[in-house]
Structure formats: structure tokens, C-alpha cells
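Undergrad: Quick one: this structure, given as C-alpha cells, is what I'll be asking you about.
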Amino acid sequence: MVTEKRATFNEVAELYDKARNHYPDSLFDELHKLTQLPSAARILEIGSGTGIATLPLAERGYRIIGVELGHDMAAVARHKLAAFSNVDIQLASFEDWQPPAEPFDLVLSATAFHWLDPDIRFQKTASVLKDRGHLAIVKYHHIAGGDQSFFDQVQLCYEQYKPHSEQLQLPRMEDMYPDTEELVQCGLYEQPVIRRYVTEETYNRQQYLDLLATYSDHRTLEPLTRQRLFECIGTLIDNDYDGKVRKCYLHELILARKA
């Protein structure tokens, strides 16, 4: 089921690139500050997708190999990054990918690490890193804030058209703790450093529905059910929120040096 879900993004590659929110520039600035990577450092990006995180790394001059399992996702990334000769997007799952002989200064995975096989993800990332190289796991979470009442009201749509989904409970940032237990316990990395950033995005009706259409649990709905769910959500946005809705995100950078 995990493999099926992570493959759904490829079905809507261009929409994914347009609809998904980007990571704050300050996150990449802090990554550079903490790692002190030279401008020509070698980076492996796991699950590079459409290049949302690849582009700001490429703009900083790094040499990047991106590993992406979705053919259409990789095609969008290659088009976006065509001007950067230092970027190579390779089509493969990370589990099956064969690394080059030269190790990397940094392995980074943005909103993709949780899809990887837990039996090998820390071992394989450590094996392709230089001594004292870094692993960076970037993720984001929907948190309390923005149009909070909308996210309370929209549960009625989910109860009607996605009745087995869990009730959305938006956490406050101060109540969230970074999930680093598996990283620490694997024994391959030093104690991680955590950095957090909060952003707020505003979506009109179509932008918000486009965003939902890129989520794996919405992609796997029966098409007519998804259409009716989206009509319910869109009507709520138009009628009660003047056609726009605000959503808050917590972005996390989890950075650990190879032991």
C-alpha cells in the first residue's frame, strides 16, 4: 500500500509542481550555515520529485544527483532544472538505485524520507556519505492557525464523502516534537540538530482543490467520490470564506552528521 500511495504523485506531476507549497529560503540558508558545505559540494537528493527542493540547492551551486521513481515527476524536474549542468535527475527508487563510487557530502530528502523502506533508509544513506557527511530530512506539517474555523467546518464534507478518515486535529507548533527516535537509535549518526519555520499560505478555491488533488489519500479515492468531496469543500470556501482560505505550515529541518 505504501508503494501504491507514493506512486500516485506521478499521476499529477505538473499539478504537484504547481500546487505544492515551497520550502522557505531561510531553511536552505540555515542548512548551508550548519553544514558549511563548499559551493561545489556533492548532494544526493532522495525523492527529488518535480525539483521543488532541488532548485534552491542548484541555485547555490551544488552538484546534485536526484533520485526519483516517478517518470513524469522526473521529467518535470529535468525541464525545470535544464539550465543547471550540475544537476542529474536519475529515474529509480532509492531502494534499487545503484550509487556511484564517489561519496556525497550531503544526503537530503524533502517530504519523501517517510516513504522509504525503514529497513534500509538509514543504513543506505550512511553508506553513500563521506566521513562526517550529513543527512538532512526536510518535512512539513499542517498546524493550527490560518482559517482555523474552515478546517473545523470542512470535517462535515469528509464525514459525508470520506467517512473512514480520521478527524483532523490540528496541533499547535509548541505541542509538536520532532520525530528523531529512529534516527538516533540507528547509531549511524550523531545527535541531530533541529530547525523549524512557520509559513502561512493563502489559496483560492481552485488552488486549494488542486493542492488536495496531489495528496495520496485523496488520489486513491474513487473518482466520483473525490469529485463530490471537492465540490463540498469548494462550496464552503466560496460561500463562507469569500473564495480564499489560509493554511499554516510548520517546516522542519532535521540535520545529523554521520558518526
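Residue numbering restarts at 1 for every chain of the C-alpha cells, chains are lettered A, B, ... in their displayed order, and ligands are numbered from 1 as they appear.
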List the neighbours of segment 32-36 of chain A out to 9 Å using only C-alpha atoms; skip same-chain residues closer than 2 positions along the sequence, and give me the result as a list in words.
TA: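 Listed by chain and then number, they are Leu27, Phe28, Asp29, Glu30, Pro38, Leu106, Gly133, His134, Val193, Leu255 and Arg257 of chain A.
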Undergrad: Can you list, as an mmCIF file with N, CA and C atoms, in the first residue's frame, every protein, DNA or RNA residue that comes within 9 Å of segment 40-51 of chain A when you count only C-alpha atoms, leaving out same-chain residues fewer than 4 positions away?
TA:
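That gives us around.cif:
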data_model
loop_
_atom_site.group_PDB
_atom_site.id
_atom_site.type_symbol
_atom_site.label_atom_id
_atom_site.label_comp_id
_atom_site.auth_asym_id
_atom_site.auth_seq_id
_atom_site.Cartn_x
_atom_site.Cartn_y
_atom_site.Cartn_z
ATOM 1 N N PHE A 9 1.712 10.253 -6.877
ATOM 2 C CA PHE A 9 2.156 11.603 -7.196
ATOM 3 C C PHE A 9 2.508 11.729 -8.677
ATOM 4 N N ASN A 10 3.013 10.651 -9.256
ATOM 5 C CA ASN A 10 3.422 10.690 -10.654
ATOM 6 C C ASN A 10 2.241 10.928 -11.587
ATOM 7 N N ALA A 13 1.933 14.985 -11.970
ATOM 8 C CA ALA A 13 3.252 15.591 -11.768
ATOM 9 C C ALA A 13 3.228 17.112 -11.957
ATOM 10 N N GLU A 14 2.661 17.587 -13.048
ATOM 11 C CA GLU A 14 2.662 19.029 -13.302
ATOM 12 C C GLU A 14 1.802 19.763 -12.281
ATOM 13 N N TYR A 16 1.258 18.770 -9.222
ATOM 14 C CA TYR A 16 2.045 18.701 -7.988
ATOM 15 C C TYR A 16 3.035 19.858 -7.936
ATOM 16 N N ASP A 17 3.730 20.077 -9.044
ATOM 17 C CA ASP A 17 4.733 21.134 -9.085
ATOM 18 C C ASP A 17 4.100 22.511 -8.913
ATOM 19 N N LEU A 55 15.761 22.915 -6.862
ATOM 20 C CA LEU A 55 16.066 24.205 -7.482
ATOM 21 C C LEU A 55 16.840 25.137 -6.551
ATOM 22 N N PRO A 56 16.398 25.379 -5.312
ATOM 23 C CA PRO A 56 17.192 26.268 -4.446
ATOM 24 C C PRO A 56 18.569 25.712 -4.123
ATOM 25 N N LEU A 57 18.733 24.401 -4.131
ATOM 26 C CA LEU A 57 20.062 23.817 -3.936
ATOM 27 C C LEU A 57 20.931 24.048 -5.168
ATOM 28 N N ARG A 60 22.389 27.435 -5.501
ATOM 29 C CA ARG A 60 23.530 27.687 -4.620
ATOM 30 C C ARG A 60 24.815 27.041 -5.136
ATOM 31 N N GLY A 61 24.757 26.420 -6.311
ATOM 32 C CA GLY A 61 25.952 25.923 -6.969
ATOM 33 C C GLY A 61 26.337 24.493 -6.668
ATOM 34 N N TYR A 62 25.541 23.783 -5.888
ATOM 35 C CA TYR A 62 25.893 22.422 -5.528
ATOM 36 C C TYR A 62 25.770 21.476 -6.724
ATOM 37 N N ARG A 63 26.552 20.405 -6.695
ATOM 38 C CA ARG A 63 26.430 19.327 -7.667
ATOM 39 C C ARG A 63 25.449 18.302 -7.097
ATOM 40 N N ILE A 64 24.398 18.009 -7.840
ATOM 41 C CA ILE A 64 23.271 17.252 -7.285
ATOM 42 C C ILE A 64 22.926 16.059 -8.167
ATOM 43 N N ILE A 65 22.765 14.908 -7.526
ATOM 44 C CA ILE A 65 22.090 13.776 -8.147
ATOM 45 C C ILE A 65 20.752 13.621 -7.439
ATOM 46 N N GLY A 66 19.675 13.701 -8.207
ATOM 47 C CA GLY A 66 18.338 13.498 -7.671
ATOM 48 C C GLY A 66 17.826 12.133 -8.082
ATOM 49 N N VAL A 67 17.331 11.365 -7.138
ATOM 50 C CA VAL A 67 16.783 10.036 -7.414
ATOM 51 C C VAL A 67 15.272 10.112 -7.263
ATOM 52 N N GLU A 68 14.554 9.808 -8.333
ATOM 53 C CA GLU A 68 13.099 9.929 -8.349
ATOM 54 C C GLU A 68 12.499 8.719 -9.061
ATOM 55 N N LEU A 69 11.489 8.100 -8.439
ATOM 56 C CA LEU A 69 10.915 6.888 -9.020
ATOM 57 C C LEU A 69 9.822 7.161 -10.041
ATOM 58 N N GLY A 70 9.252 8.372 -10.046
ATOM 59 C CA GLY A 70 8.162 8.690 -10.958
ATOM 60 C C GLY A 70 8.672 9.286 -12.263
ATOM 61 N N ASP A 72 7.111 10.827 -14.774
ATOM 62 C CA ASP A 72 6.598 12.163 -15.092
ATOM 63 C C ASP A 72 7.116 13.209 -14.116
ATOM 64 N N MET A 73 7.257 12.827 -12.855
ATOM 65 C CA MET A 73 7.834 13.752 -11.877
ATOM 66 C C MET A 73 9.258 14.117 -12.279
ATOM 67 N N ALA A 74 10.035 13.105 -12.660
ATOM 68 C CA ALA A 74 11.410 13.344 -13.079
ATOM 69 C C ALA A 74 11.467 14.219 -14.321
ATOM 70 N N ALA A 75 10.524 14.034 -15.243
ATOM 71 C CA ALA A 75 10.501 14.833 -16.472
ATOM 72 C C ALA A 75 10.265 16.304 -16.161
ATOM 73 N N VAL A 76 9.359 16.589 -15.234
ATOM 74 C CA VAL A 76 9.110 17.975 -14.836
ATOM 75 C C VAL A 76 10.366 18.573 -14.208
ATOM 76 N N ALA A 77 11.024 17.813 -13.354
ATOM 77 C CA ALA A 77 12.247 18.296 -12.700
ATOM 78 C C ALA A 77 13.341 18.569 -13.721
ATOM 79 N N ARG A 78 13.521 17.671 -14.669
ATOM 80 C CA ARG A 78 14.559 17.870 -15.683
ATOM 81 C C ARG A 78 14.303 19.123 -16.505
ATOM 82 N N LYS A 80 12.590 21.808 -15.517
ATOM 83 C CA LYS A 80 12.783 22.954 -14.634
ATOM 84 C C LYS A 80 14.258 23.264 -14.414
ATOM 85 N N LEU A 81 15.075 22.211 -14.344
ATOM 86 C CA LEU A 81 16.481 22.349 -13.986
ATOM 87 C C LEU A 81 17.413 22.254 -15.188
ATOM 88 N N ILE A 89 19.075 14.200 -12.743
ATOM 89 C CA ILE A 89 17.903 13.522 -12.190
ATOM 90 C C ILE A 89 17.877 12.099 -12.732
ATOM 91 N N SER A 93 13.900 3.939 -7.835
ATOM 92 C CA SER A 93 13.583 4.017 -6.412
ATOM 93 C C SER A 93 14.907 4.040 -5.659
ATOM 94 N N PHE A 94 14.932 4.692 -4.510
ATOM 95 C CA PHE A 94 16.170 4.748 -3.744
ATOM 96 C C PHE A 94 16.614 3.347 -3.332
ATOM 97 N N PRO A 103 31.587 9.257 -2.886
ATOM 98 C CA PRO A 103 30.572 9.525 -1.863
ATOM 99 C C PRO A 103 30.103 10.976 -1.887
ATOM 100 N N PHE A 104 29.051 11.230 -1.128
ATOM 101 C CA PHE A 104 28.404 12.541 -1.111
ATOM 102 C C PHE A 104 28.724 13.300 0.178
ATOM 103 N N ASP A 105 28.683 14.620 0.061
ATOM 104 C CA ASP A 105 28.843 15.479 1.238
ATOM 105 C C ASP A 105 27.550 15.560 2.041
ATOM 106 N N LEU A 106 26.432 15.465 1.346
ATOM 107 C CA LEU A 106 25.122 15.622 1.978
ATOM 108 C C LEU A 106 24.119 14.737 1.266
ATOM 109 N N VAL A 107 23.293 14.057 2.053
ATOM 110 C CA VAL A 107 22.103 13.385 1.530
ATOM 111 C C VAL A 107 20.902 14.135 2.079
ATOM 112 N N LEU A 108 19.996 14.532 1.182
ATOM 113 C CA LEU A 108 18.819 15.295 1.588
ATOM 114 C C LEU A 108 17.574 14.628 1.030
ATOM 115 N N SER A 109 16.533 14.602 1.839
ATOM 116 C CA SER A 109 15.235 14.105 1.387
ATOM 117 C C SER A 109 14.162 15.052 1.912
ATOM 118 N N ALA A 110 13.398 15.639 0.991
ATOM 119 C CA ALA A 110 12.373 16.625 1.352
ATOM 120 C C ALA A 110 10.991 16.022 1.151
ATOM 121 N N THR A 111 10.285 15.829 2.244
ATOM 122 C CA THR A 111 8.926 15.288 2.251
ATOM 123 C C THR A 111 8.864 13.949 1.512
ATOM 124 N N ALA A 112 9.900 13.149 1.661
ATOM 125 C CA ALA A 112 9.937 11.857 0.972
ATOM 126 C C ALA A 112 10.547 10.755 1.822
ATOM 127 N N PHE A 113 11.284 11.110 2.867
ATOM 128 C CA PHE A 113 12.027 10.104 3.623
ATOM 129 C C PHE A 113 11.105 9.056 4.243
ATOM 130 N N TRP A 115 8.608 7.689 3.021
ATOM 131 C CA TRP A 115 8.169 6.686 2.050
ATOM 132 C C TRP A 115 9.203 5.569 1.870
ATOM 133 N N VAL A 128 26.491 5.969 1.607
ATOM 134 C CA VAL A 128 26.873 6.778 0.440
ATOM 135 C C VAL A 128 27.466 8.127 0.853
#
Undergrad: Between atom CA of Gln207 of chain A and atom CA of Tyr158 of chain A, what is the distance in Å, rounded to a tenth?
TA: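 Taking atom CA of Gln207 of chain A as the start and atom CA of Tyr158 of chain A as the end point, the length is 18.6 Å.
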Undergrad: Using only C-alpha atoms for the distances, tell me which of A:His218, A:Arg228, A:Arg132, A:Lys124 is nearest to Gln160 of chain A.
TA: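 For Gln160 of chain A, the nearest of the candidates is A:Arg228.
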Undergrad: Could you pull out the helix (DSSP H, G or I) residues of segment 47-218 of chain A from DSSP and send them as a PDB file with C-alpha atoms, in the first residue's frame?
TA:
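File part16.pdb, as written:
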ATOM      1  CA  THR A  54      16.324  20.758  -5.919  1.00  0.00           C
ATOM      2  CA  LEU A  55      16.066  24.205  -7.482  1.00  0.00           C
ATOM      3  CA  PRO A  56      17.192  26.268  -4.446  1.00  0.00           C
ATOM      4  CA  LEU A  57      20.062  23.817  -3.936  1.00  0.00           C
ATOM      5  CA  ALA A  58      21.087  24.081  -7.591  1.00  0.00           C
ATOM      6  CA  GLU A  59      20.954  27.872  -7.401  1.00  0.00           C
ATOM      7  CA  HIS A  71       8.838   9.104 -14.692  1.00  0.00           C
ATOM      8  CA  ASP A  72       6.598  12.163 -15.092  1.00  0.00           C
ATOM      9  CA  MET A  73       7.834  13.752 -11.877  1.00  0.00           C
ATOM     10  CA  ALA A  74      11.410  13.344 -13.079  1.00  0.00           C
ATOM     11  CA  ALA A  75      10.501  14.833 -16.472  1.00  0.00           C
ATOM     12  CA  VAL A  76       9.110  17.975 -14.836  1.00  0.00           C
ATOM     13  CA  ALA A  77      12.247  18.296 -12.700  1.00  0.00           C
ATOM     14  CA  ARG A  78      14.559  17.870 -15.683  1.00  0.00           C
ATOM     15  CA  HIS A  79      12.711  20.576 -17.595  1.00  0.00           C
ATOM     16  CA  LYS A  80      12.783  22.954 -14.634  1.00  0.00           C
ATOM     17  CA  PHE A 113      12.027  10.104   3.623  1.00  0.00           C
ATOM     18  CA  HIS A 114       8.974   8.544   5.294  1.00  0.00           C
ATOM     19  CA  TRP A 115       8.169   6.686   2.050  1.00  0.00           C
ATOM     20  CA  ARG A 121      16.923   4.015   4.716  1.00  0.00           C
ATOM     21  CA  PHE A 122      19.400   4.993   7.427  1.00  0.00           C
ATOM     22  CA  GLN A 123      21.941   2.321   6.548  1.00  0.00           C
ATOM     23  CA  LYS A 124      21.983   3.137   2.832  1.00  0.00           C
ATOM     24  CA  THR A 125      22.154   6.898   3.339  1.00  0.00           C
ATOM     25  CA  ALA A 126      25.091   6.462   5.702  1.00  0.00           C
ATOM     26  CA  SER A 127      26.839   4.152   3.222  1.00  0.00           C
ATOM     27  CA  GLN A 148      -8.918  27.545  11.697  1.00  0.00           C
ATOM     28  CA  SER A 149     -12.714  27.576  11.527  1.00  0.00           C
ATOM     29  CA  PHE A 150     -12.600  26.373   7.906  1.00  0.00           C
ATOM     30  CA  PHE A 151     -10.664  23.256   8.881  1.00  0.00           C
ATOM     31  CA  ASP A 152     -13.222  22.592  11.613  1.00  0.00           C
ATOM     32  CA  GLN A 153     -16.179  23.050   9.269  1.00  0.00           C
ATOM     33  CA  GLN A 155     -14.866  17.919   8.510  1.00  0.00           C
ATOM     34  CA  LEU A 156     -18.549  17.711   7.584  1.00  0.00           C
ATOM     35  CA  CYS A 157     -17.537  17.199   3.950  1.00  0.00           C
ATOM     36  CA  TYR A 158     -15.117  14.439   4.921  1.00  0.00           C
ATOM     37  CA  GLU A 159     -17.681  12.761   7.152  1.00  0.00           C
ATOM     38  CA  GLN A 160     -20.042  12.596   4.188  1.00  0.00           C
ATOM     39  CA  TYR A 161     -17.669  11.570   1.409  1.00  0.00           C
ATOM     40  CA  MET A 173       3.625  24.148  16.934  1.00  0.00           C
ATOM     41  CA  GLU A 174       4.599  24.153  20.606  1.00  0.00           C
ATOM     42  CA  ASP A 175       2.851  20.794  21.091  1.00  0.00           C
ATOM     43  CA  GLU A 181      13.824   8.433  17.612  1.00  0.00           C
ATOM     44  CA  GLU A 182      14.609   6.084  14.713  1.00  0.00           C
ATOM     45  CA  LEU A 183      17.440   8.320  13.525  1.00  0.00           C
ATOM     46  CA  VAL A 184      19.033   8.429  16.965  1.00  0.00           C
ATOM     47  CA  GLN A 185      18.585   4.728  17.668  1.00  0.00           C
ATOM     48  CA  ARG A 205     -10.875  27.720  -4.331  1.00  0.00           C
ATOM     49  CA  GLN A 206      -9.114  26.177  -7.331  1.00  0.00           C
ATOM     50  CA  GLN A 207      -5.662  26.398  -5.790  1.00  0.00           C
ATOM     51  CA  TYR A 208      -6.828  24.625  -2.649  1.00  0.00           C
ATOM     52  CA  LEU A 209      -8.591  21.871  -4.579  1.00  0.00           C
ATOM     53  CA  ASP A 210      -5.508  21.472  -6.779  1.00  0.00           C
ATOM     54  CA  LEU A 211      -3.456  21.031  -3.621  1.00  0.00           C
ATOM     55  CA  LEU A 212      -5.817  18.355  -2.294  1.00  0.00           C
ATOM     56  CA  SER A 216      -2.054  10.447  -1.880  1.00  0.00           C
ATOM     57  CA  ASP A 217      -5.084   9.710   0.309  1.00  0.00           C
ATOM     58  CA  HIS A 218      -7.242  11.904  -1.953  1.00  0.00           C
TER      59      HIS A 218
END
Undergrad: Counting only C-alpha atoms, which residue out of A:Asp147, A:Asp179, A:Glu201, A:Asp96 sits closest to Glu252 of chain A?
TA: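 So, comparing all the options, the nearest one is A:Asp179.
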Undergrad: Write down as a ChimeraX atom specification the residues of segment 16-254 of chain A whose backbone DSSP state falls under strand (DSSP E).
TA: /A:42-46,63-68,87-91,104-110,129-143,193-204,244-254
Undergrad: I'd like the neighbourhood of Lys162 of chain A as a ChimeraX atom specification, where a residue qualifies if any of its atoms comes within 9 Å (using only C-alpha atoms), though same-chain residues fewer than 5 positions away should be ignored.
TA: /A:157,221,225-226,229
Undergrad: Of the residues A:Asp119, A:Lys258, A:Ser26, A:Tyr241, which is the one nearest to Glu190 of chain A, using only C-alpha atoms?
TA: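 For Glu190 of chain A, the nearest of the candidates is A:Lys258.
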Undergrad: With a distance cut-off of 8 Å and only C-alpha atoms, select the neighbouring residues of Arg196 of chain A, excluding the residue or stretch itself and same-chain residues fewer than 6 positions from it, and output the selection as a PDB file with all heavy atoms, in the first residue's frame.
TA:
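What ended up in selection22.pdb:
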ATOM      1  N   LEU A 250       4.234  24.141   9.406  1.00  0.00           N
ATOM      2  CA  LEU A 250       5.477  24.076  10.159  1.00  0.00           C
ATOM      3  C   LEU A 250       6.469  23.281   9.323  1.00  0.00           C
ATOM      4  O   LEU A 250       6.249  22.104   9.023  1.00  0.00           O
ATOM      5  CB  LEU A 250       5.270  23.390  11.504  1.00  0.00           C
ATOM      6  CG  LEU A 250       6.533  23.055  12.295  1.00  0.00           C
ATOM      7  CD1 LEU A 250       7.286  24.325  12.692  1.00  0.00           C
ATOM      8  CD2 LEU A 250       6.212  22.207  13.515  1.00  0.00           C
ATOM      9  N   HIS A 251       7.569  23.917   8.916  1.00  0.00           N
ATOM     10  CA  HIS A 251       8.631  23.254   8.172  1.00  0.00           C
ATOM     11  C   HIS A 251       9.732  22.864   9.145  1.00  0.00           C
ATOM     12  O   HIS A 251      10.128  23.665   9.998  1.00  0.00           O
ATOM     13  CB  HIS A 251       9.210  24.186   7.101  1.00  0.00           C
ATOM     14  CG  HIS A 251       8.204  24.685   6.120  1.00  0.00           C
ATOM     15  ND1 HIS A 251       8.050  24.145   4.863  1.00  0.00           N
ATOM     16  CD2 HIS A 251       7.281  25.684   6.215  1.00  0.00           C
ATOM     17  CE1 HIS A 251       7.096  24.789   4.219  1.00  0.00           C
ATOM     18  NE2 HIS A 251       6.616  25.719   5.016  1.00  0.00           N
ATOM     19  N   GLU A 252      10.241  21.645   9.005  1.00  0.00           N
ATOM     20  CA  GLU A 252      11.302  21.151   9.881  1.00  0.00           C
ATOM     21  C   GLU A 252      12.521  20.751   9.069  1.00  0.00           C
ATOM     22  O   GLU A 252      12.400  20.100   8.027  1.00  0.00           O
ATOM     23  CB  GLU A 252      10.840  19.927  10.662  1.00  0.00           C
ATOM     24  CG  GLU A 252       9.909  20.227  11.807  1.00  0.00           C
ATOM     25  CD  GLU A 252       9.573  18.978  12.594  1.00  0.00           C
ATOM     26  OE1 GLU A 252       9.757  17.848  12.079  1.00  0.00           O
ATOM     27  OE2 GLU A 252       9.106  19.119  13.732  1.00  0.00           O
ATOM     28  N   LEU A 253      13.669  21.139   9.560  1.00  0.00           N
ATOM     29  CA  LEU A 253      14.944  20.632   9.065  1.00  0.00           C
ATOM     30  C   LEU A 253      15.560  19.797  10.174  1.00  0.00           C
ATOM     31  O   LEU A 253      15.832  20.309  11.266  1.00  0.00           O
ATOM     32  CB  LEU A 253      15.864  21.789   8.694  1.00  0.00           C
ATOM     33  CG  LEU A 253      17.336  21.441   8.431  1.00  0.00           C
ATOM     34  CD1 LEU A 253      17.472  20.506   7.230  1.00  0.00           C
ATOM     35  CD2 LEU A 253      18.185  22.701   8.242  1.00  0.00           C
TER      36      LEU A 253
END
Undergrad: Can you tell me how far atom CA of Ala213 of chain A sits from atom CA of Lys18 of chain A, in Å to one decimal?
TA: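 A separation of 11.4 Å between them.
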Undergrad: Write out as a ChimeraX atom specification which residues come within 8 Å of His22 of chain A when counting only C-alpha atoms, dropping same-chain ones fewer than 2 positions away.
TA: /A:20,24,52-53
Undergrad: Based on the selection just made, write all heavy atoms of those residues as a PDB file, in the first residue's frame.
TA:
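This went into out_24.pdb:
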ATOM      1  N   ARG A  20       1.930  22.395  -4.848  1.00  0.00           N
ATOM      2  CA  ARG A  20       2.581  22.179  -3.554  1.00  0.00           C
ATOM      3  C   ARG A  20       3.345  23.428  -3.111  1.00  0.00           C
ATOM      4  O   ARG A  20       3.981  24.106  -3.915  1.00  0.00           O
ATOM      5  CB  ARG A  20       3.537  20.993  -3.634  1.00  0.00           C
ATOM      6  CG  ARG A  20       2.845  19.641  -3.698  1.00  0.00           C
ATOM      7  CD  ARG A  20       2.164  19.304  -2.381  1.00  0.00           C
ATOM      8  NE  ARG A  20       1.516  18.012  -2.422  1.00  0.00           N
ATOM      9  CZ  ARG A  20       1.854  16.978  -1.646  1.00  0.00           C
ATOM     10  NH1 ARG A  20       2.848  17.091  -0.776  1.00  0.00           N
ATOM     11  NH2 ARG A  20       1.191  15.836  -1.724  1.00  0.00           N
ATOM     12  N   PRO A  24      10.821  27.388   2.789  1.00  0.00           N
ATOM     13  CA  PRO A  24      11.352  28.748   2.938  1.00  0.00           C
ATOM     14  C   PRO A  24      12.838  28.827   2.627  1.00  0.00           C
ATOM     15  O   PRO A  24      13.608  27.912   2.948  1.00  0.00           O
ATOM     16  CB  PRO A  24      11.066  29.082   4.407  1.00  0.00           C
ATOM     17  CG  PRO A  24      10.876  27.765   5.086  1.00  0.00           C
ATOM     18  CD  PRO A  24      10.307  26.835   4.068  1.00  0.00           C
ATOM     19  N   ILE A  52      11.232  20.712  -6.449  1.00  0.00           N
ATOM     20  CA  ILE A  52      10.860  21.845  -5.594  1.00  0.00           C
ATOM     21  C   ILE A  52      11.996  22.203  -4.641  1.00  0.00           C
ATOM     22  O   ILE A  52      12.311  23.376  -4.446  1.00  0.00           O
ATOM     23  CB  ILE A  52       9.552  21.534  -4.827  1.00  0.00           C
ATOM     24  CG1 ILE A  52       8.375  21.506  -5.812  1.00  0.00           C
ATOM     25  CG2 ILE A  52       9.305  22.572  -3.730  1.00  0.00           C
ATOM     26  CD1 ILE A  52       7.061  21.078  -5.191  1.00  0.00           C
ATOM     27  N   ALA A  53      12.628  21.191  -4.039  1.00  0.00           N
ATOM     28  CA  ALA A  53      13.779  21.456  -3.173  1.00  0.00           C
ATOM     29  C   ALA A  53      15.084  21.466  -3.958  1.00  0.00           C
ATOM     30  O   ALA A  53      16.069  22.063  -3.508  1.00  0.00           O
ATOM     31  CB  ALA A  53      13.853  20.407  -2.064  1.00  0.00           C
TER      32      ALA A  53
END
